[in-house]
Every structure is written in C-alpha cells, then in structure tokens.
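Q: Data: upload.tsv, TSV, C-alpha atoms.
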```
chain	number	residue	atom	x	y	z
A	1	MET	CA	-13.76	-59.02	9.71
A	2	SER	CA	-15.97	-57.04	7.35
A	3	MET	CA	-14.81	-53.93	5.62
A	4	LYS	CA	-17.27	-51.18	4.81
A	5	GLU	CA	-17.38	-49.50	1.44
A	6	PRO	CA	-15.83	-46.02	1.16
A	7	ILE	CA	-18.36	-43.23	1.52
A	8	ASN	CA	-18.23	-40.37	-0.95
A	9	ARG	CA	-19.46	-37.02	0.26
A	10	SER	CA	-19.35	-33.51	-1.12
A	11	PHE	CA	-19.54	-30.09	0.43
A	12	HIS	CA	-19.42	-26.58	-0.92
A	13	ILE	CA	-17.08	-23.73	0.02
A	14	GLY	CA	-17.70	-20.09	-0.90
A	15	GLY	CA	-20.20	-18.54	-3.28
A	16	SER	CA	-22.05	-19.85	-6.31
A	17	ILE	CA	-22.75	-18.83	-9.90
A	18	GLU	CA	-26.21	-17.61	-8.91
A	19	LYS	CA	-24.89	-15.49	-6.03
A	20	ALA	CA	-22.00	-14.15	-8.11
A	21	LEU	CA	-24.34	-12.99	-10.88
A	22	LYS	CA	-26.47	-11.18	-8.30
A	23	GLY	CA	-23.48	-9.67	-6.52
A	24	GLU	CA	-24.43	-11.46	-3.29
A	25	VAL	CA	-20.87	-12.48	-2.38
A	26	GLU	CA	-18.23	-11.14	0.00
A	27	LEU	CA	-15.17	-9.64	-1.67
A	28	GLN	CA	-13.15	-7.44	0.66
A	29	PRO	CA	-9.90	-6.34	-1.06
A	30	VAL	CA	-7.77	-6.20	2.11
A	31	THR	CA	-9.04	-9.59	3.31
A	32	VAL	CA	-8.38	-11.20	-0.08
A	33	LEU	CA	-4.87	-9.75	-0.38
A	34	VAL	CA	-3.87	-10.66	3.19
A	35	GLU	CA	-5.13	-14.23	2.77
A	36	ALA	CA	-3.32	-14.56	-0.56
A	37	TRP	CA	-0.11	-13.30	1.04
A	38	LYS	CA	-0.32	-15.95	3.77
A	39	ILE	CA	-1.22	-18.72	1.31
A	40	THR	CA	1.68	-17.75	-0.96
A	41	GLY	CA	4.13	-17.91	1.92
A	42	LYS	CA	2.79	-21.30	2.99
A	43	ASN	CA	2.94	-22.88	-0.49
A	44	ILE	CA	5.78	-20.98	-2.16
A	45	PHE	CA	8.22	-23.91	-2.44
A	46	SER	CA	5.66	-26.31	-3.94
A	47	PHE	CA	3.99	-23.70	-6.15
A	48	LEU	CA	6.94	-21.68	-7.46
A	49	PRO	CA	8.41	-24.45	-9.69
A	50	ALA	CA	5.07	-24.79	-11.50
A	51	VAL	CA	4.79	-21.01	-11.97
A	52	ILE	CA	8.38	-20.83	-13.27
A	53	CYS	CA	7.61	-23.67	-15.69
A	54	LEU	CA	4.60	-21.74	-16.98
A	55	PHE	CA	6.64	-18.55	-17.33
A	56	LEU	CA	9.51	-20.24	-19.20
A	57	ALA	CA	7.13	-22.10	-21.50
A	58	GLN	CA	5.40	-18.86	-22.44
A	59	VAL	CA	8.71	-17.09	-23.07
A	60	ALA	CA	9.80	-20.01	-25.26
A	61	LEU	CA	6.58	-19.84	-27.29
A	62	LEU	CA	6.95	-16.07	-27.63
A	63	LEU	CA	10.52	-16.39	-28.92
A	64	LEU	CA	9.46	-19.18	-31.29
A	65	GLY	CA	6.69	-16.98	-32.69
A	66	LEU	CA	9.15	-14.13	-33.31
A	67	GLU	CA	11.63	-16.56	-34.85
A	68	VAL	CA	9.03	-17.87	-37.31
A	69	GLN	CA	7.88	-14.40	-38.36
A	70	LEU	CA	11.09	-12.35	-38.29
A	71	GLY	CA	13.82	-14.93	-38.66
A	72	SER	CA	15.28	-13.98	-35.27
A	73	PRO	CA	13.75	-12.66	-32.00
A	74	THR	CA	16.61	-10.15	-31.74
A	75	VAL	CA	15.11	-8.19	-34.63
A	76	PHE	CA	12.09	-7.36	-32.47
A	77	PHE	CA	14.00	-6.70	-29.25
A	78	ASP	CA	16.65	-4.53	-30.93
A	79	ALA	CA	13.94	-2.41	-32.55
A	80	PHE	CA	12.03	-2.20	-29.26
A	81	ILE	CA	15.04	-1.18	-27.17
A	82	THR	CA	16.61	1.27	-29.61
A	83	GLY	CA	13.35	2.59	-31.07
A	84	GLN	CA	14.91	2.41	-34.52
A	85	GLY	CA	13.46	0.37	-37.36
A	86	PHE	CA	10.31	-0.38	-35.40
A	87	THR	CA	8.10	-0.94	-38.43
A	88	ALA	CA	4.45	-1.97	-38.63
A	89	GLU	CA	5.60	-5.45	-39.66
A	90	ILE	CA	7.73	-5.86	-36.54
A	91	LEU	CA	4.92	-4.54	-34.35
A	92	LYS	CA	2.45	-6.99	-35.90
A	93	ALA	CA	4.93	-9.84	-35.41
A	94	GLY	CA	5.25	-9.00	-31.72
A	95	PHE	CA	1.48	-8.84	-31.30
A	96	MET	CA	0.88	-12.16	-33.05
A	97	ALA	CA	3.69	-13.91	-31.17
A	98	ASN	CA	2.26	-12.71	-27.86
A	99	PHE	CA	-1.27	-13.67	-28.92
A	100	TRP	CA	-0.41	-17.24	-29.86
A	101	SER	CA	1.87	-17.76	-26.88
A	102	ASP	CA	-1.09	-16.80	-24.64
A	103	VAL	CA	-3.36	-19.25	-26.45
A	104	LEU	CA	-0.97	-22.21	-26.69
A	105	ILE	CA	0.06	-21.92	-23.04
A	106	ALA	CA	-3.58	-22.43	-21.97
A	107	PRO	CA	-3.31	-26.02	-20.62
A	108	LEU	CA	-0.35	-25.12	-18.38
A	109	TYR	CA	-2.11	-21.89	-17.34
A	110	ALA	CA	-5.17	-23.94	-16.39
A	111	GLY	CA	-2.98	-26.32	-14.36
A	112	VAL	CA	-1.38	-23.50	-12.37
A	113	SER	CA	-4.80	-21.88	-11.84
A	114	LEU	CA	-6.20	-25.16	-10.49
A	115	MET	CA	-3.24	-25.46	-8.13
A	116	ALA	CA	-4.02	-21.97	-6.80
A	117	LEU	CA	-7.64	-23.05	-6.33
A	118	ASN	CA	-6.37	-25.95	-4.23
A	119	HIS	CA	-4.57	-23.44	-2.02
A	120	ALA	CA	-7.73	-21.32	-1.71
A	121	VAL	CA	-9.63	-24.24	-0.17
A	122	GLY	CA	-6.77	-25.36	2.07
A	123	LEU	CA	-5.44	-28.27	0.01
A	124	PRO	CA	-1.72	-28.83	-0.60
A	125	THR	CA	-0.14	-29.03	-4.04
A	126	LYS	CA	3.00	-30.37	-5.67
A	127	PRO	CA	4.74	-29.06	-8.81
A	128	SER	CA	3.70	-32.04	-10.95
A	129	GLN	CA	0.05	-31.01	-10.62
A	130	ILE	CA	0.63	-28.42	-13.32
A	131	VAL	CA	-0.07	-31.18	-15.87
A	132	LYS	CA	-3.62	-31.48	-14.52
A	133	GLY	CA	-4.51	-28.71	-16.93
A	134	PHE	CA	-3.91	-31.08	-19.86
A	135	SER	CA	-7.21	-32.78	-18.94
A	136	PHE	CA	-8.80	-29.57	-20.21
A	137	THR	CA	-6.56	-29.01	-23.23
A	138	LEU	CA	-9.23	-28.43	-25.88
A	139	VAL	CA	-11.63	-26.36	-23.77
A	140	SER	CA	-8.79	-24.29	-22.27
A	141	LEU	CA	-7.37	-23.56	-25.73
A	142	ILE	CA	-10.77	-22.46	-27.02
A	143	THR	CA	-11.37	-20.33	-23.92
A	144	MET	CA	-7.97	-18.65	-24.13
A	145	LEU	CA	-8.39	-18.04	-27.86
A	146	LEU	CA	-11.68	-16.23	-27.18
A	147	LEU	CA	-10.25	-14.32	-24.21
A	148	SER	CA	-7.14	-13.17	-26.10
A	149	SER	CA	-9.25	-12.10	-29.08
A	150	ILE	CA	-11.68	-10.10	-26.94
A	151	GLN	CA	-8.88	-8.47	-24.94
A	152	GLY	CA	-6.96	-7.69	-28.13
A	153	LEU	CA	-9.99	-6.00	-29.67
A	154	GLY	CA	-10.54	-4.00	-26.50
A	155	SER	CA	-6.92	-2.87	-26.39
A	156	SER	CA	-7.05	-1.82	-30.04
A	157	VAL	CA	-9.94	0.52	-29.20
A	158	PHE	CA	-8.38	1.88	-25.99
A	159	PRO	CA	-5.70	0.30	-23.75
A	160	LEU	CA	-7.74	0.76	-20.56
A	161	ILE	CA	-10.58	-1.21	-22.12
A	162	GLY	CA	-8.17	-4.07	-22.71
A	163	LEU	CA	-6.99	-3.91	-19.09
A	164	PHE	CA	-10.57	-3.91	-17.83
A	165	LEU	CA	-11.47	-6.92	-19.99
A	166	THR	CA	-8.39	-8.77	-18.72
A	167	MET	CA	-9.71	-8.29	-15.18
A	168	ALA	CA	-13.36	-8.93	-16.04
A	169	LEU	CA	-12.68	-12.21	-17.86
A	170	SER	CA	-10.02	-13.53	-15.45
A	171	MET	CA	-12.29	-16.17	-13.89
A	172	ALA	CA	-13.30	-17.79	-17.19
A	173	ILE	CA	-10.51	-20.38	-17.35
A	174	LEU	CA	-11.36	-21.68	-13.85
A	175	LEU	CA	-15.07	-21.75	-14.64
A	176	VAL	CA	-14.59	-24.06	-17.63
A	177	CYS	CA	-12.38	-26.37	-15.55
A	178	GLU	CA	-14.08	-26.40	-12.13
A	179	LYS	CA	-17.72	-25.76	-13.10
A	180	LYS	CA	-17.34	-27.41	-16.53
A	181	VAL	CA	-19.41	-24.75	-18.28
A	182	SER	CA	-18.88	-23.82	-21.93
A	183	PRO	CA	-16.28	-21.16	-22.81
A	184	ILE	CA	-19.01	-18.71	-23.86
A	185	LYS	CA	-20.90	-19.21	-20.59
A	186	ALA	CA	-17.67	-18.90	-18.61
A	187	ILE	CA	-16.87	-15.57	-20.27
A	188	GLN	CA	-20.41	-14.35	-19.63
A	189	TYR	CA	-20.37	-15.41	-15.95
A	190	SER	CA	-16.93	-13.94	-15.31
A	191	PHE	CA	-17.86	-10.61	-16.90
A	192	MET	CA	-21.21	-10.24	-15.12
A	193	ALA	CA	-19.79	-11.25	-11.73
A	194	THR	CA	-16.98	-8.71	-12.11
A	195	ILE	CA	-19.46	-5.96	-13.04
A	196	ARG	CA	-21.34	-6.69	-9.80
A	197	LYS	CA	-18.11	-6.30	-7.80
A	198	VAL	CA	-16.22	-3.90	-10.03
A	199	LEU	CA	-14.92	-1.61	-7.25
A	200	PRO	CA	-13.33	-4.29	-5.02
A	201	MET	CA	-12.03	-6.15	-8.09
A	202	THR	CA	-10.46	-2.95	-9.43
A	203	ALA	CA	-8.84	-2.22	-6.05
A	204	ILE	CA	-7.35	-5.73	-5.93
A	205	TYR	CA	-6.00	-5.56	-9.48
A	206	ILE	CA	-4.49	-2.10	-8.94
A	207	VAL	CA	-2.47	-3.52	-6.05
A	208	ILE	CA	-1.37	-6.46	-8.21
A	209	MET	CA	-0.35	-4.13	-11.05
A	210	LEU	CA	1.72	-2.05	-8.63
A	211	MET	CA	3.40	-5.23	-7.40
A	212	PHE	CA	4.25	-6.21	-10.98
A	213	PHE	CA	5.76	-2.76	-11.65
A	214	ILE	CA	7.86	-3.03	-8.48
A	215	SER	CA	8.91	-6.57	-9.42
A	216	ILE	CA	10.07	-5.43	-12.86
A	217	ALA	CA	11.95	-2.55	-11.27
A	218	THR	CA	13.91	-5.11	-9.22
A	219	ALA	CA	15.21	-6.69	-12.46
A	220	GLY	CA	12.39	-9.23	-12.28
A	221	ILE	CA	13.49	-10.75	-8.96
A	222	GLY	CA	10.22	-9.73	-7.33
A	223	LEU	CA	8.31	-11.89	-9.80
A	224	ILE	CA	9.38	-14.89	-7.73
A	225	TRP	CA	6.77	-13.78	-5.20
A	226	THR	CA	4.37	-11.72	-7.33
A	227	LEU	CA	3.50	-14.38	-9.90
A	228	PRO	CA	2.48	-17.07	-7.35
A	229	PHE	CA	0.70	-14.34	-5.34
A	230	PHE	CA	-1.28	-13.29	-8.44
A	231	PHE	CA	-2.56	-16.81	-9.07
A	232	ASN	CA	-3.45	-17.30	-5.40
A	233	VAL	CA	-5.41	-14.03	-5.42
A	234	LYS	CA	-7.39	-15.30	-8.40
A	235	GLY	CA	-8.05	-18.59	-6.63
A	236	ILE	CA	-9.45	-16.78	-3.58
A	237	ILE	CA	-11.59	-14.45	-5.71
A	238	TYR	CA	-12.99	-17.46	-7.57
A	239	ARG	CA	-13.77	-19.30	-4.32
A	240	ASN	CA	-15.54	-16.27	-2.85
A	241	MET	CA	-17.50	-15.55	-6.02
A	242	PHE	CA	-18.37	-18.92	-7.53
A	243	GLY	CA	-17.55	-21.39	-4.78
A	244	VAL	CA	-15.77	-24.73	-4.94
A	245	THR	CA	-17.32	-28.19	-4.49
A	246	LEU	CA	-15.06	-30.64	-2.66
A	247	GLN	CA	-15.39	-34.41	-2.99
A	248	VAL	CA	-14.41	-36.28	0.17
A	249	THR	CA	-13.90	-40.04	0.43
A	250	SER	CA	-14.29	-41.44	3.96
A	251	VAL	CA	-13.15	-44.97	4.78
A	252	ALA	CA	-15.24	-46.29	7.66
A	253	LYS	CA	-13.80	-48.59	10.34
A	254	SER	CA	-14.37	-52.35	10.12
A	255	ASP	CA	-17.07	-54.03	12.26
A	256	ASP	CA	-14.60	-55.87	14.50
A	257	GLU	CA	-12.62	-52.73	15.26
A	258	GLN	CA	-13.02	-52.11	18.99
A	259	PRO	CA	-13.10	-48.70	20.65
A	260	PRO	CA	-9.99	-47.84	22.65
A	261	GLN	CA	-9.84	-48.47	26.36
A	262	ASP	CA	-8.89	-46.18	29.24
A	263	GLY	CA	-10.78	-43.19	27.94
A	264	GLY	CA	-8.82	-42.91	24.68
A	265	GLU	CA	-10.14	-41.11	21.62
A	266	PRO	CA	-12.75	-43.08	19.65
A	267	PRO	CA	-11.83	-44.14	16.12
A	268	VAL	CA	-12.93	-41.75	13.38
A	269	ASP	CA	-13.44	-42.00	9.66
A	270	LYS	CA	-10.27	-41.68	7.64
A	271	ILE	CA	-10.21	-39.05	4.96
A	272	ASP	CA	-8.57	-40.62	1.95
A	273	LYS	CA	-8.66	-37.77	-0.47
A	274	ASP	CA	-9.96	-34.25	-0.92
A	275	VAL	CA	-10.50	-33.07	-4.47
A	276	PHE	CA	-12.76	-30.55	-6.16
A	277	ASN	CA	-14.74	-31.16	-9.32
A	278	ALA	CA	-11.80	-30.41	-11.59
```
Do you think you could lay out the structure here as structure tokens?

A:
Amino acid sequence: MSMKEPINRSFHIGGSIEKALKGEVELQPVTVLVEAWKITGKNIFSFLPAVICLFLAQVALLLLGLEVQLGSPTVFFDAFITGQGFTAEILKAGFMANFWSDVLIAPLYAGVSLMALNHAVGLPTKPSQIVKGFSFTLVSLITMLLLSSIQGLGSSVFPLIGLFLTMALSMAILLVCEKKVSPIKAIQYSFMATIRKVLPMTAIYIVIMLMFFISIATAGIGLIWTLPFFFNVKGIIYRNMFGVTLQVTSVAKSDDEQPPQDGGEPPVDKIDKDVFNA
C-alpha cells in the first residue's frame, strides 16, 4: 500500500485589494445585513462566548484605567450620572481609560474579528479561537493605537468626523491579520475602499447604530445578538471588498484503494482542513 502526499491548494473568495481600491466590488446593504443575520443565528452559541469574553475584558480594562487615574471608577460614574463634579480632570480620565482599553484589547478584538471572517466564508468556529488574535499581538496593538488616535483626533474636531473615521477604518485590523499588510497600509486601504463605497457602508452602519441604541434601551439584553451581528457584518464586508484566500489540504486515496462495486459512489479526496491566510 502506498500513501500519497497531502495536496495543498488555495482558492479565493470575494474581492481583492485592487478591486476594493477601484470600487469594483459588490456591496448591497440589504444583502449584507440579511446574510449577517442568518450567519449570526447559525453560529450564535459558538460565537457569543468569545464576544462576551471580549466585552468583559474591555470593561475590566476600562475600570482599571479609571481606578489608576481617579482612585475609584465610581468617581467617574457618579459624576457622569448626576452631572455634578464632572471636572476636566474626570473627563480626561474617562477618555484616557477608554483609549487604552481600546488599544490593549486589540489581540482579543483581532481574534473575534477573525472568527467572524471564518463565518463569512462558511467555516465553523469555537470559542477558544479567540486566542488566535494573540498571533498578531504586536501588529494589532500598533494598528489599534493608530486607529484610536486618528478617531480621537477626528472626534475632537467634530463628533461626526470621529464616527465616519470609525466606519472608514473598520477593516484595518482584518487587513493586517489576513492580508498581512503593514498597519499604515491597512489604514490606507480601509479608508480608500470605504470612500469608494461610502453610501452602502453608511447605510449598513446606520442600521447597526440603530440596533445598538435599541439594545441599550433593553437594558443591554439586545447586545447578546447585536454584538455578534456587528462582527459578522464586518466579516462579510471584508470578504466582499478585499476577499479571503482559503488554504485547503486534500488527502488523496492510496493506490490499492479499490472503487466501490454495485454502482456506489467513487472515493473522493478528503478535505482535512480549511483555513485562510491568518
């Protein structure tokens, strides 16, 4: 009996950087949102634990940042809720705590984003895959530091500018992980691709913002669906804009393996594993 070596193949799904920069990609808001809704329902039980882990980790970092600066997070929240004693120092502490929590959470954010990209190309996930983002710890931290700084500067000029930059740069973290481009290039590609499709992107993000407002109005219960949905939407947008390259390993049958008798199905290559570049 002789065993054949596994055969590695690759194929591409969706757009490409070149097409995205030219605006030559399909991005229909209704189609994207409907697909994301279905994907979220299909993967909610495997994806939700990872999203909750990300959310709790960011809250913990936020509280730690307030603790370090103010001595207690309650100082900030009491001032925010009552509107009394809300000084420039407290405001700055809240901004810095939020800034650094966004930056330091980057590896987990990358892991959740990569899980959503799996969903966008039809691959299953499990909660432990959130740690896959730690393979990109340094580059994700640098990327998030740049993104948070740019968005913060935009918001300081005018809040709507900050919101637009948040949307326009939303693909950068996936670009550095899946395409392995530099953070600066990722920011450039994400911004230019968004400009080319600014109307459908804006329509999609308006719907997501409305869903977040509704979720908050339900005492946060709606976030159980909205947060996974948000990441899945981003995964689909990325696939349609920049495309995803899948690596497939096929294990061929051995030479002495005989075809079935009585008109049965012939043996086929076994797919061992489907993974994208990240």

Q: Grab the atom CA of Thr245 of chain A to atom CA of Ala193 of chain A distance for me, in Å with one decimal place.

A: 18.6 Å

Q: Ranking A:Gly133, A:Pro159, A:Gly220, A:Pro228 by minimum distance to Gly111 of chain A and counting all atoms listed in the file, which one comes first?

A: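 Among the listed residues, A:Gly133 lies closest to Gly111 of chain A.
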
Q: Just the residues within 10 Å of Ala120 of chain A, please, counting all atoms listed in the file, with nothing from its chain fewer than 2 positions along; format it as a list in words.

A: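 Surrounding residues, per the criterion: Ile13, Glu35, Ala36, Ile39, Leu114, Met115, Ala116, Leu117, Asn118, Gly122, Leu123, Pro124, Asn232, Val233, Lys234, Gly235, Ile236, Ile237, Tyr238, Arg239, Asn240 and Val244 of chain A.
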
Q: So, counting all atoms listed in the file, which residue among A:Val181, A:Ala110, A:Met144, A:Met192 is closest to Lys132 of chain A?

A: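 Smallest distance to Lys132 of chain A is found for A:Ala110.
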
Q: To box segment 147-164 of chain A, take all atoms listed in the file, fit an axis-aligned box, add 4 Å on each side, and give centre and edge lengths in Å to one decimal, as AutoDock Vina command-line options.

A:
```
--center_x -8.7 --center_y -6.2 --center_z -23.9 --size_x 14.0 --size_y 24.2 --size_z 20.2
```

Q: I need the residue nearest Gln188 of chain A from this list: A:Phe242, A:Ala57, A:Leu21, A:Ile161. Use all atoms listed in the file for the distance.

A: A:Leu21

Q: Rounded to one decimal place, report the atom CA of Leu141 of chain A-atom CA of Ile173 of chain A distance in Å.

A: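 Separation between atom CA of Leu141 of chain A and atom CA of Ile173 of chain A: 9.5 Å.
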